[in-house]
Amino acid sequence: MFDKNHLMGNIHLKAEATEDFVQRIQREQPELAEAVAKLKELLPEEVYQRAFSNIQTFNRRGDNLLIVSGGILQRSFLERDCIPALKEALGVKRVQIIG
């Protein structure tokens, strides 16, 4: 079983509190902030909160969007509930989700 205590005392690691997805995008990728705001309008609040609460990476390259989700359950939510809205809001043709 994985023991989290082995991480204690490792100077190369640090813990940070998770930040709201919209705030993080506005800070790290301001060019996507408008598209993410549109995405939030397209999805019901409950779906948006569940699907985007723990996104690790969110990158657009041309017509492709890459999302690294927080795990397989979140990936399933994104695939089931969000693909059409993601394509519309971000103007992409392909969405790849790794979870």
# chains A, B, ... in the order shown; residues from 1 in each chain; ligands from 1

$ residues_around --residues "Gly71 in chain A" --least-positions-apart "3" --cutoff "7 Å" --atoms "only C-alpha atoms" --output "list in words"
Gln74, Arg75 and Gly99 of chain A

$ write_last_selection --atoms "N, CA and C atoms" --output "compact mmCIF listing (two decimals), in the first residue's frame"
# COMPACT_ATOMS: atom_id res chain seq x y z
N GLN A 74 -13.28 11.47 -12.89
CA GLN A 74 -13.43 12.81 -13.46
C GLN A 74 -13.32 12.75 -14.98
N ARG A 75 -12.45 11.92 -15.49
CA ARG A 75 -12.34 11.75 -16.95
C ARG A 75 -13.67 11.28 -17.52
N GLY A 99 -6.73 10.64 -17.80
CA GLY A 99 -7.17 10.68 -16.41
C GLY A 99 -6.67 9.56 -15.59

$ residues_around --residues "Val47 in chain A" --least-positions-apart "4" --cutoff "9 Å" --atoms "only C-alpha atoms" --output "mmCIF file with N, CA and C atoms, in the first residue's frame"
data_model
loop_
_atom_site.group_PDB
_atom_site.id
_atom_site.type_symbol
_atom_site.label_atom_id
_atom_site.label_comp_id
_atom_site.auth_asym_id
_atom_site.auth_seq_id
_atom_site.Cartn_x
_atom_site.Cartn_y
_atom_site.Cartn_z
ATOM 1 N N LEU A 43 -22.485 24.930 -19.665
ATOM 2 C CA LEU A 43 -22.737 23.750 -18.837
ATOM 3 C C LEU A 43 -23.562 24.110 -17.603
ATOM 4 N N ALA A 51 -17.032 18.318 -13.013
ATOM 5 C CA ALA A 51 -16.075 17.965 -14.063
ATOM 6 C C ALA A 51 -14.771 18.753 -13.975
ATOM 7 N N PHE A 52 -14.834 20.000 -13.519
ATOM 8 C CA PHE A 52 -13.653 20.852 -13.569
ATOM 9 C C PHE A 52 -13.071 21.179 -12.200
ATOM 10 N N PHE A 77 -16.683 11.788 -16.290
ATOM 11 C CA PHE A 77 -17.613 12.919 -16.264
ATOM 12 C C PHE A 77 -17.362 13.853 -17.446
ATOM 13 N N LEU A 78 -16.101 14.164 -17.688
ATOM 14 C CA LEU A 78 -15.757 15.058 -18.791
ATOM 15 C C LEU A 78 -16.191 14.460 -20.130
ATOM 16 N N ASP A 81 -20.218 14.305 -20.226
ATOM 17 C CA ASP A 81 -21.032 15.509 -20.101
ATOM 18 C C ASP A 81 -20.490 16.758 -20.789
ATOM 19 N N CYS A 82 -19.228 16.769 -21.186
ATOM 20 C CA CYS A 82 -18.623 18.054 -21.534
ATOM 21 C C CYS A 82 -18.008 18.173 -22.929
#

$ atom_distance --atom1 "CA of Lys40 in chain A" --atom2 "CA of Ile83 in chain A"
13.0 Å

$ residues_around --residues "Ala35 in chain A" --least-positions-apart "6" --cutoff "10 Å" --atoms "only C-alpha atoms" --output "list of chain:residue names"
A:Glu41, A:Leu86, A:Glu88, A:Ala89, A:Leu90, A:Gly91

$ atom_distance --atom1 "CA of Ser69 in chain A" --atom2 "CA of Met8 in chain A"
25.3 Å

$ closest_residue --among "A:Leu13, A:Ala85, A:Ile55, A:Leu73" --to "Lys38 in chain A" --atoms "only C-alpha atoms"
A:Ala85

$ atom_distance --atom1 "CA of Asn54 in chain A" --atom2 "CA of Phe21 in chain A"
7.7 Å

$ residues_around --residues "Arg94 in chain A" --least-positions-apart "6" --cutoff "12 Å" --atoms "only C-alpha atoms" --output "PyMOL selection string"
chain A and resi 59-67+79+83-88

$ write_last_selection --atoms "C-alpha atoms" --output "PDB file, in the first residue's frame"
ATOM      1  CA  ASN A  59      -3.901  23.094 -23.015  1.00  0.00           C
ATOM      2  CA  ARG A  60      -5.103  24.112 -26.463  1.00  0.00           C
ATOM      3  CA  ARG A  61      -2.869  23.714 -29.499  1.00  0.00           C
ATOM      4  CA  GLY A  62      -4.579  24.699 -32.730  1.00  0.00           C
ATOM      5  CA  ASP A  63      -7.649  22.492 -33.154  1.00  0.00           C
ATOM      6  CA  ASN A  64      -6.695  20.161 -30.293  1.00  0.00           C
ATOM      7  CA  LEU A  65      -7.438  20.368 -26.588  1.00  0.00           C
ATOM      8  CA  LEU A  66      -5.545  18.258 -24.048  1.00  0.00           C
ATOM      9  CA  ILE A  67      -6.937  17.841 -20.548  1.00  0.00           C
ATOM     10  CA  GLU A  79     -16.223  12.553 -21.612  1.00  0.00           C
ATOM     11  CA  ILE A  83     -17.128  17.165 -24.944  1.00  0.00           C
ATOM     12  CA  PRO A  84     -19.627  19.131 -27.117  1.00  0.00           C
ATOM     13  CA  ALA A  85     -19.425  22.175 -24.818  1.00  0.00           C
ATOM     14  CA  LEU A  86     -15.615  22.028 -24.770  1.00  0.00           C
ATOM     15  CA  LYS A  87     -15.483  21.925 -28.573  1.00  0.00           C
ATOM     16  CA  GLU A  88     -17.895  24.837 -28.897  1.00  0.00           C
TER      17      GLU A  88
END

$ closest_residue --among "A:Phe58, A:Ile72, A:Arg50, A:Lys93" --to "Val36 in chain A" --atoms "only C-alpha atoms"
A:Phe58

$ select_by_dssp --residues "chain A" --states "helix (DSSP H, G or I)" --output "MDAnalysis selection string"
chainID A and resid 4:7 21:28 30:42 45:52 72:81 83:90

$ closest_residue --among "A:Ser53, A:Gly9, A:Ile98, A:Val22" --to "Leu39 in chain A" --atoms "only C-alpha atoms"
A:Val22

$ select_by_dssp --residues "chain A" --states "strand (DSSP E)" --output "list in words"
Thr57, Phe58, Asn59, Arg60, Arg61, Asn64, Leu65, Leu66, Ile67, Val68, Arg94, Val95, Gln96, Ile97 and Ile98 of chain A

$ decode --residues "range 33-60 of chain A" --atoms "N, CA and C atoms" --output "CSV table (one decimal), in the first residue's frame"
chain,number,residue,atom,x,y,z
A,33,ALA,N,-9.1,32.4,-20.9
A,33,ALA,CA,-10.1,32.8,-19.9
A,33,ALA,C,-11.5,33.1,-20.5
A,34,GLU,N,-11.5,33.7,-21.6
A,34,GLU,CA,-12.8,34.0,-22.2
A,34,GLU,C,-13.5,32.7,-22.7
A,35,ALA,N,-12.8,31.8,-23.2
A,35,ALA,CA,-13.3,30.5,-23.6
A,35,ALA,C,-13.8,29.7,-22.4
A,36,VAL,N,-13.1,29.8,-21.3
A,36,VAL,CA,-13.5,29.0,-20.1
A,36,VAL,C,-14.8,29.7,-19.5
A,37,ALA,N,-14.9,31.0,-19.6
A,37,ALA,CA,-16.1,31.7,-19.2
A,37,ALA,C,-17.3,31.2,-20.0
A,38,LYS,N,-17.1,31.1,-21.3
A,38,LYS,CA,-18.2,30.6,-22.2
A,38,LYS,C,-18.5,29.2,-21.8
A,39,LEU,N,-17.5,28.3,-21.6
A,39,LEU,CA,-17.8,27.0,-21.2
A,39,LEU,C,-18.6,26.9,-19.9
A,40,LYS,N,-18.3,27.8,-19.0
A,40,LYS,CA,-19.1,27.8,-17.7
A,40,LYS,C,-20.6,28.2,-18.0
A,41,GLU,N,-20.8,29.0,-19.0
A,41,GLU,CA,-22.2,29.4,-19.4
A,41,GLU,C,-22.9,28.2,-20.1
A,42,LEU,N,-22.2,27.4,-20.8
A,42,LEU,CA,-22.8,26.3,-21.6
A,42,LEU,C,-23.2,25.1,-20.8
A,43,LEU,N,-22.5,24.9,-19.7
A,43,LEU,CA,-22.7,23.8,-18.8
A,43,LEU,C,-23.6,24.1,-17.6
A,44,PRO,N,-24.4,23.2,-17.2
A,44,PRO,CA,-25.1,23.4,-15.9
A,44,PRO,C,-24.0,23.5,-14.8
A,45,GLU,N,-24.3,24.3,-13.8
A,45,GLU,CA,-23.4,24.6,-12.7
A,45,GLU,C,-22.9,23.3,-12.0
A,46,GLU,N,-23.8,22.4,-11.8
A,46,GLU,CA,-23.5,21.1,-11.1
A,46,GLU,C,-22.5,20.3,-12.0
A,47,VAL,N,-22.7,20.2,-13.3
A,47,VAL,CA,-21.8,19.5,-14.2
A,47,VAL,C,-20.5,20.2,-14.2
A,48,TYR,N,-20.5,21.5,-14.3
A,48,TYR,CA,-19.2,22.2,-14.4
A,48,TYR,C,-18.4,22.0,-13.1
A,49,GLN,N,-19.0,22.1,-12.0
A,49,GLN,CA,-18.3,21.9,-10.7
A,49,GLN,C,-17.7,20.5,-10.6
A,50,ARG,N,-18.5,19.5,-10.9
A,50,ARG,CA,-18.0,18.1,-10.8
A,50,ARG,C,-16.9,17.8,-11.8
A,51,ALA,N,-17.0,18.3,-13.0
A,51,ALA,CA,-16.1,18.0,-14.1
A,51,ALA,C,-14.8,18.8,-14.0
A,52,PHE,N,-14.8,20.0,-13.5
A,52,PHE,CA,-13.7,20.9,-13.6
A,52,PHE,C,-13.1,21.2,-12.2
A,53,SER,N,-13.5,20.4,-11.2
A,53,SER,CA,-13.0,20.7,-9.8
A,53,SER,C,-11.5,20.4,-9.6
A,54,ASN,N,-11.0,19.4,-10.4
A,54,ASN,CA,-9.7,18.9,-10.1
A,54,ASN,C,-8.8,18.7,-11.4
A,55,ILE,N,-9.0,19.6,-12.4
A,55,ILE,CA,-8.2,19.6,-13.6
A,55,ILE,C,-6.8,19.9,-13.3
A,56,GLN,N,-5.9,19.1,-13.8
A,56,GLN,CA,-4.4,19.3,-13.6
A,56,GLN,C,-3.8,20.1,-14.7
A,57,THR,N,-4.1,19.7,-16.0
A,57,THR,CA,-3.6,20.4,-17.2
A,57,THR,C,-4.7,20.7,-18.2
A,58,PHE,N,-4.7,21.9,-18.8
A,58,PHE,CA,-5.7,22.3,-19.7
A,58,PHE,C,-4.9,23.1,-20.8
A,59,ASN,N,-4.7,22.5,-22.0
A,59,ASN,CA,-3.9,23.1,-23.0
A,59,ASN,C,-4.6,23.0,-24.4
A,60,ARG,N,-4.6,24.1,-25.1
A,60,ARG,CA,-5.1,24.1,-26.5
A,60,ARG,C,-3.9,24.4,-27.4
